[in-house]
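Source file coords_33.txt; content: compact mmCIF, C-alpha atoms and all ligand atoms.
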```
# COMPACT_ATOMS: atom_id res chain seq x y z
CA MET A 1 -12.34 -32.39 -25.66
CA LYS A 2 -13.69 -29.48 -27.71
CA ASN A 3 -12.80 -25.91 -26.81
CA LEU A 4 -14.38 -22.73 -28.16
CA VAL A 5 -11.81 -19.94 -28.69
CA TYR A 6 -12.44 -16.43 -30.02
CA TYR A 7 -9.47 -15.18 -32.02
CA LEU A 8 -9.11 -11.48 -32.79
CA ASP A 9 -7.43 -11.58 -36.20
CA ARG A 10 -5.66 -8.19 -35.96
CA PRO A 11 -6.00 -4.79 -34.20
CA GLY A 12 -9.24 -3.24 -35.35
CA GLY A 13 -10.22 -6.59 -36.82
CA THR A 14 -12.89 -9.19 -36.16
CA PHE A 15 -13.36 -12.08 -33.78
CA THR A 16 -13.59 -15.59 -35.21
CA ALA A 17 -15.13 -18.35 -33.12
CA THR A 18 -12.96 -21.44 -33.55
CA VAL A 19 -13.51 -24.91 -32.16
CA GLU A 20 -10.29 -26.65 -31.31
CA GLU A 21 -9.10 -29.64 -29.33
CA ILE A 22 -7.90 -29.20 -25.72
CA GLY A 23 -6.15 -31.99 -23.86
CA GLU A 24 -5.92 -33.07 -20.25
CA PRO A 25 -3.80 -31.05 -17.80
CA GLY A 26 -0.27 -32.42 -17.34
CA PRO A 27 1.62 -32.74 -14.03
CA GLY A 28 1.17 -29.57 -11.93
CA GLU A 29 -1.27 -28.05 -14.45
CA ILE A 30 -4.96 -27.31 -14.11
CA ARG A 31 -7.68 -26.90 -16.69
CA VAL A 32 -10.21 -24.16 -16.01
CA ARG A 33 -13.61 -23.43 -17.55
CA THR A 34 -14.27 -19.72 -18.03
CA LEU A 35 -17.37 -18.47 -16.18
CA ARG A 36 -17.15 -14.69 -16.60
CA THR A 37 -14.77 -12.25 -18.18
CA SER A 38 -15.01 -8.55 -17.50
CA VAL A 39 -13.72 -6.03 -19.98
CA CYS A 40 -10.83 -3.70 -19.13
CA GLN A 41 -10.25 -0.42 -20.97
CA SER A 42 -6.96 -1.95 -22.11
CA ASP A 43 -8.96 -4.66 -23.90
CA VAL A 44 -10.79 -1.94 -25.80
CA VAL A 45 -7.45 -0.39 -26.79
CA ILE A 46 -6.13 -3.78 -27.94
CA TYR A 47 -9.34 -4.46 -29.85
CA ARG A 48 -9.17 -1.11 -31.62
CA GLN A 49 -5.42 -0.45 -32.03
CA GLY A 50 -3.46 -3.43 -30.76
CA LEU A 51 -0.58 -3.23 -28.29
CA PRO A 52 3.18 -3.45 -28.95
CA ARG A 53 3.37 -6.22 -26.33
CA ILE A 54 1.16 -8.44 -28.46
CA LYS A 55 3.56 -9.73 -31.09
CA ALA A 56 1.52 -12.59 -32.52
CA TRP A 57 -1.82 -12.24 -34.26
CA PRO A 58 -4.47 -13.61 -34.25
CA ALA A 59 -4.64 -13.13 -30.47
CA VAL A 60 -6.83 -14.33 -27.62
CA ILE A 61 -7.61 -11.26 -25.52
CA LEU A 62 -9.44 -10.53 -22.21
CA HIS A 63 -7.61 -10.86 -18.90
CA GLU A 64 -10.21 -10.35 -16.16
CA ALA A 65 -11.71 -13.76 -15.53
CA SER A 66 -13.43 -15.99 -13.04
CA CYS A 67 -13.34 -19.69 -13.79
CA GLU A 68 -14.26 -23.08 -12.43
CA VAL A 69 -11.49 -25.62 -12.05
CA ASP A 70 -12.42 -28.36 -14.51
CA ALA A 71 -9.58 -30.88 -14.12
CA VAL A 72 -6.27 -31.00 -12.25
CA GLY A 73 -3.04 -32.70 -13.26
CA ALA A 74 -0.93 -35.07 -11.18
CA GLY A 75 0.59 -33.51 -8.08
CA VAL A 76 -1.80 -30.54 -7.82
CA THR A 77 -2.90 -30.21 -4.22
CA GLY A 78 -4.15 -26.60 -4.00
CA PHE A 79 -7.12 -26.95 -6.35
CA MET A 80 -9.92 -29.40 -6.99
CA PRO A 81 -12.43 -29.74 -9.81
CA GLY A 82 -15.40 -27.49 -9.00
CA ASP A 83 -13.35 -24.77 -7.25
CA LEU A 84 -14.30 -21.19 -8.11
CA VAL A 85 -11.12 -19.27 -8.98
CA ALA A 86 -10.22 -15.83 -10.25
CA LEU A 87 -7.04 -14.81 -12.02
CA GLY A 88 -4.72 -11.85 -12.21
CA CYS A 89 -3.44 -10.33 -15.42
CA ASP A 90 0.29 -9.85 -14.71
CA ILE A 91 1.88 -13.25 -14.36
CA PRO A 92 5.33 -14.56 -13.48
CA CYS A 93 7.81 -15.01 -16.31
CA GLY A 94 7.89 -18.74 -15.65
CA ASP A 95 11.59 -18.89 -14.62
CA ALA A 96 11.82 -20.50 -11.17
CA ASN A 97 15.14 -18.70 -10.57
CA CYS A 98 13.93 -15.20 -11.51
CA ILE A 99 14.74 -12.64 -8.81
CA TYR A 100 11.28 -11.08 -9.31
CA CYS A 101 8.97 -13.93 -10.27
CA GLY A 102 10.77 -17.06 -9.18
CA ASP A 103 10.32 -19.33 -6.17
CA HIS A 104 12.49 -17.01 -4.04
CA GLY A 105 11.82 -13.78 -5.92
CA THR A 106 10.47 -10.50 -4.60
CA GLY A 107 7.04 -11.17 -6.12
CA ASP A 108 7.23 -7.91 -8.08
CA TRP A 109 6.33 -9.55 -11.37
CA THR A 110 5.54 -6.27 -13.01
CA SER A 111 9.22 -5.25 -12.55
CA CYS A 112 10.57 -8.33 -14.34
CA PRO A 113 11.89 -7.50 -17.83
CA ASN A 114 10.30 -10.74 -19.04
CA THR A 115 6.98 -10.24 -17.27
CA GLN A 116 3.98 -11.57 -19.12
CA ALA A 117 0.31 -10.83 -18.93
CA THR A 118 -2.76 -12.82 -19.83
CA GLY A 119 -4.43 -11.41 -22.89
CA HIS A 120 -1.02 -10.04 -23.97
CA GLU A 121 1.94 -12.44 -24.35
CA PHE A 122 -0.03 -15.24 -22.70
CA PRO A 123 -3.39 -16.10 -24.30
CA GLY A 124 -6.34 -14.42 -22.59
CA PHE A 125 -9.70 -15.80 -21.54
CA ALA A 126 -11.82 -15.23 -24.64
CA ARG A 127 -12.08 -19.01 -24.62
CA GLN A 128 -14.20 -21.58 -22.88
CA TYR A 129 -11.35 -23.64 -21.43
CA ALA A 130 -7.71 -22.96 -20.68
CA ILE A 131 -4.84 -25.04 -19.30
CA LEU A 132 -2.70 -23.13 -16.80
CA PRO A 133 0.96 -24.17 -16.67
CA ASP A 134 2.49 -25.53 -13.46
CA TRP A 135 4.33 -22.28 -12.59
CA PHE A 136 1.09 -20.31 -12.96
CA VAL A 137 -0.66 -22.72 -10.60
CA ARG A 138 2.24 -22.71 -8.14
CA LEU A 139 3.15 -19.01 -8.06
CA GLY A 140 -0.16 -17.39 -8.90
CA PRO A 141 -1.95 -15.12 -9.64
CA ILE A 142 -4.82 -17.52 -9.06
CA VAL A 143 -7.00 -17.52 -5.97
CA LYS A 144 -9.88 -19.65 -4.80
CA PHE A 145 -13.24 -18.46 -3.46
CA ASP A 146 -15.97 -20.10 -1.41
CA ARG A 147 -19.28 -20.32 -3.17
CA ASN A 148 -20.68 -17.43 -1.12
CA VAL A 149 -18.76 -15.35 -3.66
CA THR A 150 -20.39 -15.36 -7.09
CA ALA A 151 -18.66 -15.77 -10.44
CA ASP A 152 -19.76 -12.19 -11.22
CA GLU A 153 -18.01 -10.87 -8.10
CA ALA A 154 -14.90 -12.98 -8.60
CA CYS A 155 -14.23 -11.59 -12.09
CA HIS A 156 -13.58 -8.16 -10.47
CA LEU A 157 -10.46 -9.57 -8.76
CA GLU A 158 -7.88 -8.31 -11.24
CA PRO A 159 -8.99 -4.68 -11.69
CA LEU A 160 -9.51 -4.42 -7.93
CA ALA A 161 -6.02 -5.79 -7.31
CA CYS A 162 -4.45 -3.12 -9.53
CA GLY A 163 -6.20 -0.30 -7.69
CA LEU A 164 -5.35 -1.76 -4.29
CA GLU A 165 -1.66 -1.92 -5.22
CA GLY A 166 -1.84 1.85 -5.72
CA MET A 167 -3.79 2.48 -2.53
CA THR A 168 -1.45 0.48 -0.32
CA ARG A 169 2.01 1.10 -1.75
CA VAL A 170 2.36 3.80 0.90
CA ASN A 171 1.11 2.80 4.34
CA HIS A 172 -1.66 4.66 6.14
CA CYS A 173 -2.73 6.96 3.32
CA ILE A 174 -6.44 5.94 3.19
CA GLU A 175 -7.88 5.14 6.61
CA HIS A 176 -9.35 8.20 8.41
CA ARG A 177 -8.08 10.28 5.50
CA ILE A 178 -9.32 12.26 2.54
CA VAL A 179 -9.09 10.57 -0.83
CA VAL A 180 -9.39 12.36 -4.17
CA LEU A 181 -10.11 10.32 -7.29
CA ILE A 182 -9.56 12.01 -10.64
CA GLY A 183 -11.89 10.39 -13.16
CA ALA A 184 -15.13 8.49 -12.57
CA GLY A 185 -14.51 5.41 -14.69
CA SER A 186 -14.25 1.85 -13.43
CA GLN A 187 -10.85 2.28 -11.72
CA SER A 188 -12.14 5.25 -9.70
CA THR A 189 -15.35 3.39 -8.91
CA TYR A 190 -13.36 0.44 -7.58
CA ALA A 191 -11.11 2.83 -5.63
CA LEU A 192 -14.15 4.60 -4.19
CA GLN A 193 -15.58 1.33 -2.86
CA CYS A 194 -12.18 0.19 -1.55
CA ALA A 195 -11.52 3.54 0.15
CA LEU A 196 -14.87 3.33 1.97
CA ALA A 197 -14.16 -0.28 2.96
CA MET A 198 -10.73 0.79 4.22
CA GLY A 199 -12.25 3.52 6.41
CA ALA A 200 -11.57 6.70 4.44
CA ARG A 201 -12.97 9.87 6.02
CA LYS A 202 -14.10 11.31 2.72
CA VAL A 203 -13.86 10.41 -0.96
CA ILE A 204 -13.97 13.20 -3.53
CA VAL A 205 -14.56 12.13 -7.14
CA ILE A 206 -13.76 14.56 -9.96
CA ASN A 207 -14.94 13.96 -13.51
CA ARG A 208 -15.32 15.91 -16.72
CA GLY A 209 -18.42 14.15 -18.05
CA HIS A 210 -21.64 14.72 -16.08
CA GLU A 211 -23.34 11.51 -17.09
CA ARG A 212 -20.83 9.11 -15.58
CA LEU A 213 -20.29 11.24 -12.47
CA GLU A 214 -24.04 11.29 -11.88
CA ARG A 215 -24.24 7.54 -12.31
CA VAL A 216 -21.46 6.95 -9.79
CA MET A 217 -22.88 9.49 -7.31
CA LYS A 218 -26.34 7.91 -7.53
CA ASP A 219 -25.30 4.26 -7.34
CA PHE A 220 -22.51 4.67 -4.77
CA ALA A 221 -24.12 7.40 -2.68
CA ASP A 222 -22.65 7.63 0.82
CA PRO A 223 -22.40 10.49 3.30
CA ARG A 224 -18.63 10.28 2.87
CA VAL A 225 -18.67 10.58 -0.94
CA VAL A 226 -18.62 13.91 -2.78
CA GLY A 227 -18.77 14.30 -6.57
CA LEU A 228 -17.30 17.41 -8.17
CA PRO A 229 -17.56 18.33 -11.83
CA TRP A 230 -14.20 19.25 -13.34
CA THR A 231 -14.80 22.99 -13.61
CA ALA A 232 -12.26 25.82 -13.85
CA ASP A 233 -12.40 26.30 -10.06
CA VAL A 234 -12.15 22.60 -9.22
CA VAL A 235 -8.95 23.00 -7.17
CA GLU A 236 -10.60 25.49 -4.79
CA ARG A 237 -13.68 23.31 -4.57
CA VAL A 238 -11.63 20.22 -3.70
CA LEU A 239 -9.69 22.12 -1.03
CA GLU A 240 -12.97 23.41 0.39
CA ALA A 241 -14.28 19.85 0.56
CA CYS A 242 -11.13 18.78 2.43
CA LEU A 243 -11.74 21.16 5.35
CA PRO A 244 -10.83 21.09 8.20
CA PHE A 245 -7.75 19.67 6.49
CA ASN A 246 -5.91 21.98 4.14
CA GLU A 247 -5.35 19.33 1.49
CA PRO A 248 -6.24 15.76 0.52
CA HIS A 249 -4.12 12.89 1.84
CA PHE A 250 -4.30 10.70 -1.22
CA VAL A 251 -4.82 11.69 -4.84
CA MET A 252 -5.30 8.95 -7.42
CA ILE A 253 -5.09 9.77 -11.10
CA ASN A 254 -7.47 7.41 -12.87
CA ALA A 255 -7.92 9.48 -16.01
CA SER A 256 -5.42 8.90 -18.77
CA ALA A 257 -4.84 12.56 -19.65
CA GLU A 258 -2.15 15.19 -19.15
CA ALA A 259 -4.76 17.49 -17.58
CA ALA A 260 -5.34 14.91 -14.85
CA TYR A 261 -1.63 15.01 -13.96
CA LYS A 262 -1.64 18.82 -13.88
CA LEU A 263 -4.68 18.78 -11.61
CA GLY A 264 -3.17 16.10 -9.37
CA ALA A 265 -0.01 18.18 -8.94
CA GLN A 266 -2.10 21.21 -7.91
CA LEU A 267 -3.75 19.23 -5.14
CA MET A 268 -0.49 18.25 -3.44
CA GLY A 269 -0.35 19.63 0.09
CA TYR A 270 1.17 18.60 3.37
CA GLY A 271 1.73 14.85 3.46
CA THR A 272 -0.22 14.15 0.27
CA VAL A 273 0.46 10.91 -1.60
CA LEU A 274 -0.11 11.04 -5.34
CA ASP A 275 -0.69 7.75 -7.14
CA ALA A 276 -0.21 8.17 -10.88
CA HIS A 277 -2.40 5.19 -11.66
CA ALA A 278 -3.35 5.84 -15.27
CA GLY A 279 -0.51 6.37 -17.73
CA VAL A 280 -0.81 8.69 -20.71
CA LYS A 281 -0.17 7.24 -24.14
CA ASN A 282 -1.05 8.55 -27.54
CA ALA A 283 -0.21 7.84 -31.15
CA ASP A 284 3.30 9.35 -30.67
CA GLY A 285 4.05 7.26 -27.60
CA LYS A 286 4.29 8.42 -24.00
CA PRO A 287 4.45 12.23 -23.76
CA ARG A 288 6.63 13.96 -21.20
CA ILE A 289 4.57 15.68 -18.51
CA GLY A 290 6.86 18.09 -16.71
CA HIS A 291 6.45 19.30 -13.14
CA THR A 292 8.96 21.12 -10.92
CA LEU A 293 9.44 19.94 -7.38
CA ASP A 294 11.43 21.30 -4.47
CA MET A 295 13.12 18.19 -3.07
CA ASN A 296 13.69 19.89 0.28
CA ASN A 297 10.52 21.91 0.90
CA ASP A 298 7.98 19.77 -0.96
CA ILE A 299 9.36 16.30 -0.41
CA HIS A 300 11.23 16.57 2.86
CA TYR A 301 9.40 19.29 4.80
CA ARG A 302 5.95 18.82 3.33
CA LEU A 303 6.23 15.01 3.24
CA GLN A 304 4.84 14.73 -0.27
CA CYS A 305 5.01 11.40 -1.99
CA TYR A 306 4.79 10.84 -5.74
CA GLN A 307 4.30 7.23 -6.69
CA ALA A 308 2.69 4.96 -9.20
CA THR A 309 1.65 1.40 -9.69
CA HIS A 310 0.61 -0.46 -12.75
CA GLY A 311 -0.71 -3.95 -12.81
CA SER A 312 -0.53 -6.09 -9.73
CA GLY A 313 1.40 -8.82 -8.05
CA LEU A 314 0.16 -11.20 -5.39
CA HIS A 315 0.04 -8.37 -2.83
CA GLY A 316 -2.84 -6.64 -4.64
CA ILE A 317 -4.42 -9.95 -5.61
CA ARG A 318 -4.56 -11.06 -1.97
CA LEU A 319 -6.02 -7.74 -0.80
CA ALA A 320 -8.71 -7.95 -3.49
CA GLN A 321 -9.39 -11.57 -2.61
CA GLN A 322 -9.88 -10.61 1.03
CA LEU A 323 -12.26 -7.71 0.30
CA LEU A 324 -14.32 -9.95 -2.00
CA ALA A 325 -14.35 -12.96 0.33
CA GLU A 326 -15.34 -10.79 3.31
CA LYS A 327 -18.13 -9.16 1.27
CA ARG A 328 -16.77 -5.71 2.03
CA LEU A 329 -17.68 -4.33 -1.41
CA PRO A 330 -21.44 -4.90 -1.34
CA LEU A 331 -22.23 -2.51 -4.20
CA LEU A 332 -19.94 -4.06 -6.83
CA GLY A 333 -22.93 -5.38 -8.78
CA ARG A 334 -24.01 -1.81 -9.51
CA MET A 335 -21.03 -1.37 -11.80
CA THR A 336 -22.74 -3.53 -14.41
CA TYR A 337 -26.19 -2.57 -15.68
CA ALA A 338 -28.35 -5.05 -17.60
CA ASN A 339 -27.21 -3.45 -20.86
CA GLU A 340 -23.60 -4.08 -19.82
CA ARG A 341 -23.99 -7.86 -19.71
CA PHE A 342 -23.28 -9.98 -22.74
CA HIS A 343 -23.14 -13.62 -23.78
CA HIS A 344 -19.78 -14.76 -25.17
CA SER A 345 -21.28 -14.99 -28.64
CA GLN A 346 -21.62 -11.17 -28.42
CA ILE A 347 -17.96 -10.53 -27.66
CA ARG A 348 -17.71 -7.78 -30.26
CA GLU A 349 -20.81 -6.01 -28.92
CA ALA A 350 -19.37 -6.27 -25.41
CA LEU A 351 -16.15 -4.52 -26.43
CA GLU A 352 -18.08 -1.84 -28.31
CA ARG A 353 -20.23 -1.21 -25.25
CA ALA A 354 -17.13 -0.95 -23.05
CA ASP A 355 -16.02 1.91 -25.27
CA ASP A 356 -19.19 3.92 -24.49
CA ARG A 357 -18.62 6.96 -22.30
CA ASN A 358 -21.43 6.01 -19.94
CA SER A 359 -20.43 2.39 -19.33
CA LEU A 360 -18.64 1.22 -16.19
CA LYS A 361 -18.00 -2.53 -16.18
CA ILE A 362 -18.93 -4.92 -18.96
CA ILE A 363 -19.30 -8.58 -17.99
CA ILE A 364 -19.29 -11.40 -20.53
CA ASN A 365 -21.06 -14.59 -19.48
CA TRP A 366 -19.53 -17.86 -20.67
CA GLU A 367 -22.33 -19.99 -19.25
CA GLY A 368 -25.85 -20.46 -20.45
CA LYS A 369 -27.42 -19.83 -23.81
CA GLU A 370 -27.27 -16.93 -26.17
CA THR A 371 -29.91 -14.34 -25.23
ZN ZN A 401 -7.76 -5.23 -16.14
ZN ZN A 402 10.69 -12.91 -13.99
```

Written as structure tokens, that's how I'd like the structure from this file.
Ligand SMILES: [Zn+2]
Ligand SMILES: [Zn+2]
Amino acid sequence: MKNLVYYLDRPGGTFTATVEEIGEPGPGEIRVRTLRTSVCQSDVVIYRQGLPRIKAWPAVILHEASCEVDAVGAGVTGFMPGDLVALGCDIPCGDANCIYCGDHGTGDWTSCPNTQATGHEFPGFARQYAILPDWFVRLGPIVKFDRNVTADEACHLEPLACGLEGMTRVNHCIEHRIVVLIGAGSQSTYALQCALAMGARKVIVINRGHERLERVMKDFADPRVVGLPWTADVVERVLEACLPFNEPHFVMINASAEAAYKLGAQLMGYGTVLDAHAGVKNADGKPRIGHTLDMNNDIHYRLQCYQATHGSGLHGIRLAQQLLAEKRLPLLGRMTYANERFHHSQIREALERADDRNSLKIIINWEGKET
């Protein structure tokens, strides 16, 4: 059978559409047909500058995908041709005995020294068909949806899962509580919708750029949502918005900048959980961002919690699956405007658009004709 694969020849390079042969799935394997891929900011970084984790070029990128099961190999019982599935990015290392990823592991794939990710070490979904190995099918991250969930919705599974890992690593930090999101990009927009679905009392979104903040405030307007421009007095304004509480309960850093960390630290109060969700990387690597803490007064007596998550395991994937299947994120479609939808033949244009300051979520359609 013929398969269309887009290879990115090198960082900052070009995509080449290649037709190659793809076989039938072997025992335990499934073959999937890509329906949608959404574009992550990490894809833009890979497209422009590459990533140390990607050792072999040309590479097949894109890791946020919804697919239809096309064929299943012998012994596969969990999936049938025609099933709508969505996939995670972080995947097990493939070793059945691994203490993280294996059959009896903790499930914390992202902690495994040999962890892999689709679109990184494992080929991504910039291709029409893919065969998933037996361990991928057996251990995940792949989940099935009823057809009341659309392919568009299902492709949000992975980015949602990552955010939900951060929002649930500490119990009881969202429901009835005040959530602060630093940044108004796609990760904050997912977190905003999840926080509302999880029963947050108030969600405060802080952003430097007016355009994107206005877009998010308009499209996700809710009596519980407040947007604050990142002005010099933003700390006082956030604390004002938290009243009658003296501080927020959960602060999520979704802007990849040192200033976001400094701001997050200033918002820590009594019982606040800080999720350092976006890491900071630049041309010189990962800069040190110092902050002094009193282990007794801040951590013990003021119950502060500093934590982070990156990527997701099955925990986040299952939470995202549940929110999508139960239709608890009804405004997801607003993250993608008409000018943020592309046909796969426009993969380069899609990545360029994802790099625009005013874009939220780019979706690439692998069905239908070129428009
Ligand atoms: Zn992603
Ligand atoms: Zn492992």

Each residue of chain A lying at most 6 Å from ligand ZN 402 (chain A) should get a row with its shortest atom-to-atom pair and the distance in Å to one decimal, counting all atoms listed in the file; could you produce that, ordered by chain and increasing number, as CSV?
```
residue,atom,partner,partner_atom,distance
A:Pro92,CA,A:ZN402,ZN,5.6
A:Cys93,CA,A:ZN402,ZN,4.3
A:Cys98,CA,A:ZN402,ZN,4.7
A:Tyr100,CA,A:ZN402,ZN,5.1
A:Cys101,CA,A:ZN402,ZN,4.2
A:Cys112,CA,A:ZN402,ZN,4.6
A:Asn114,CA,A:ZN402,ZN,5.5
A:Thr115,CA,A:ZN402,ZN,5.6
```

Under the rule of at most 7 Å, produce a per-residue listing of chain A near ligand ZN 401 (chain A): chain, number, name, the closest pair of atoms, and the distance in Å, as CSV, using only C-alpha atoms and all ligand atoms.
```
residue,atom,partner,partner_atom,distance
A:Cys40,CA,A:ZN401,ZN,4.6
A:Ser42,CA,A:ZN401,ZN,6.9
A:His63,CA,A:ZN401,ZN,6.3
A:Glu64,CA,A:ZN401,ZN,5.7
A:Cys89,CA,A:ZN401,ZN,6.7
A:Glu158,CA,A:ZN401,ZN,5.8
A:Pro159,CA,A:ZN401,ZN,4.6
```

In the coordinates of the file, take the point (-20.1, -12.6, 1.7) and a cut-off of 7 Å; then, counting all atoms listed in the file, name each qualifying protein, DNA or RNA residue as a ChimeraX atom specification.
/A:148-149,325-327

Could you check the closest approach to Glu367 (chain A) for each of A:Cys67, A:Ala308, A:Val5, A:Leu157 and tell me which residue wins, using all atoms listed in the file?
A:Cys67

Close residues, region 205-218 of chain A itself excluded, 7 Å, all atoms listed in the file, min 2 positions apart in chain, as a list of chain:residue names:
A:Val180, A:Leu181, A:Ile182, A:Gly183, A:Ala184, A:Val203, A:Phe220, A:Ala221, A:Val226, A:Gly227, A:Leu228, A:Pro229, A:Trp230, A:Asn358

Within 12 Å of (11.6, -17.9, -8.9) in the file's own coordinates, which protein, DNA or RNA residues have an atom, counting all atoms listed in the file? List them as a VMD selection string.
chain A and resid 92 to 109 112 135 to 136 138 to 140

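You will find CA of Gln307 (chain A) at 9.8 Å from CA of Met252 (chain A).
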
Polymer residues at most 12 Å from Tyr47 (chain A), only C-alpha atoms, same-chain spacing of 6 or more positions, as an MDAnalysis selection string:
chainID A and resid 7:15 39:41 54 57:62 119:120 347:352 354:355

Identify, on the basis of only C-alpha atoms, every residue whose closest approach to region 151-154 of chain A does not exceed 12 Å; exclude the query and any residue fewer than 6 positions from it along the same chain; express the result as a PDB file with C-alpha atoms, keeping the file's coordinate frame.
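What landed in around_3.pdb:
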```pdb
ATOM      1  CA  ARG A  33     -13.610 -23.430 -17.550  1.00  0.00           C
ATOM      2  CA  THR A  34     -14.270 -19.720 -18.030  1.00  0.00           C
ATOM      3  CA  LEU A  35     -17.370 -18.470 -16.180  1.00  0.00           C
ATOM      4  CA  ARG A  36     -17.150 -14.690 -16.600  1.00  0.00           C
ATOM      5  CA  THR A  37     -14.770 -12.250 -18.180  1.00  0.00           C
ATOM      6  CA  SER A  38     -15.010  -8.550 -17.500  1.00  0.00           C
ATOM      7  CA  GLU A  64     -10.210 -10.350 -16.160  1.00  0.00           C
ATOM      8  CA  ALA A  65     -11.710 -13.760 -15.530  1.00  0.00           C
ATOM      9  CA  SER A  66     -13.430 -15.990 -13.040  1.00  0.00           C
ATOM     10  CA  CYS A  67     -13.340 -19.690 -13.790  1.00  0.00           C
ATOM     11  CA  GLU A  68     -14.260 -23.080 -12.430  1.00  0.00           C
ATOM     12  CA  ASP A  83     -13.350 -24.770  -7.250  1.00  0.00           C
ATOM     13  CA  LEU A  84     -14.300 -21.190  -8.110  1.00  0.00           C
ATOM     14  CA  VAL A  85     -11.120 -19.270  -8.980  1.00  0.00           C
ATOM     15  CA  ALA A  86     -10.220 -15.830 -10.250  1.00  0.00           C
ATOM     16  CA  LEU A  87      -7.040 -14.810 -12.020  1.00  0.00           C
ATOM     17  CA  GLY A  88      -4.720 -11.850 -12.210  1.00  0.00           C
ATOM     18  CA  ILE A 142      -4.820 -17.520  -9.060  1.00  0.00           C
ATOM     19  CA  VAL A 143      -7.000 -17.520  -5.970  1.00  0.00           C
ATOM     20  CA  LYS A 144      -9.880 -19.650  -4.800  1.00  0.00           C
ATOM     21  CA  PHE A 145     -13.240 -18.460  -3.460  1.00  0.00           C
ATOM     22  CA  LEU A 160      -9.510  -4.420  -7.930  1.00  0.00           C
ATOM     23  CA  ALA A 161      -6.020  -5.790  -7.310  1.00  0.00           C
ATOM     24  CA  ILE A 317      -4.420  -9.950  -5.610  1.00  0.00           C
ATOM     25  CA  ALA A 320      -8.710  -7.950  -3.490  1.00  0.00           C
ATOM     26  CA  GLN A 321      -9.390 -11.570  -2.610  1.00  0.00           C
ATOM     27  CA  GLN A 322      -9.880 -10.610   1.030  1.00  0.00           C
ATOM     28  CA  LEU A 323     -12.260  -7.710   0.300  1.00  0.00           C
ATOM     29  CA  LEU A 324     -14.320  -9.950  -2.000  1.00  0.00           C
ATOM     30  CA  ALA A 325     -14.350 -12.960   0.330  1.00  0.00           C
ATOM     31  CA  GLU A 326     -15.340 -10.790   3.310  1.00  0.00           C
ATOM     32  CA  LYS A 327     -18.130  -9.160   1.270  1.00  0.00           C
ATOM     33  CA  ARG A 328     -16.770  -5.710   2.030  1.00  0.00           C
ATOM     34  CA  LEU A 329     -17.680  -4.330  -1.410  1.00  0.00           C
ATOM     35  CA  PRO A 330     -21.440  -4.900  -1.340  1.00  0.00           C
ATOM     36  CA  LEU A 331     -22.230  -2.510  -4.200  1.00  0.00           C
ATOM     37  CA  LEU A 332     -19.940  -4.060  -6.830  1.00  0.00           C
ATOM     38  CA  GLY A 333     -22.930  -5.380  -8.780  1.00  0.00           C
ATOM     39  CA  ARG A 334     -24.010  -1.810  -9.510  1.00  0.00           C
ATOM     40  CA  MET A 335     -21.030  -1.370 -11.800  1.00  0.00           C
ATOM     41  CA  THR A 336     -22.740  -3.530 -14.410  1.00  0.00           C
ATOM     42  CA  ARG A 341     -23.990  -7.860 -19.710  1.00  0.00           C
ATOM     43  CA  LYS A 361     -18.000  -2.530 -16.180  1.00  0.00           C
ATOM     44  CA  ILE A 362     -18.930  -4.920 -18.960  1.00  0.00           C
ATOM     45  CA  ILE A 363     -19.300  -8.580 -17.990  1.00  0.00           C
ATOM     46  CA  ILE A 364     -19.290 -11.400 -20.530  1.00  0.00           C
ATOM     47  CA  ASN A 365     -21.060 -14.590 -19.480  1.00  0.00           C
ATOM     48  CA  TRP A 366     -19.530 -17.860 -20.670  1.00  0.00           C
ATOM     49  CA  GLU A 367     -22.330 -19.990 -19.250  1.00  0.00           C
TER      50      GLU A 367
END
```
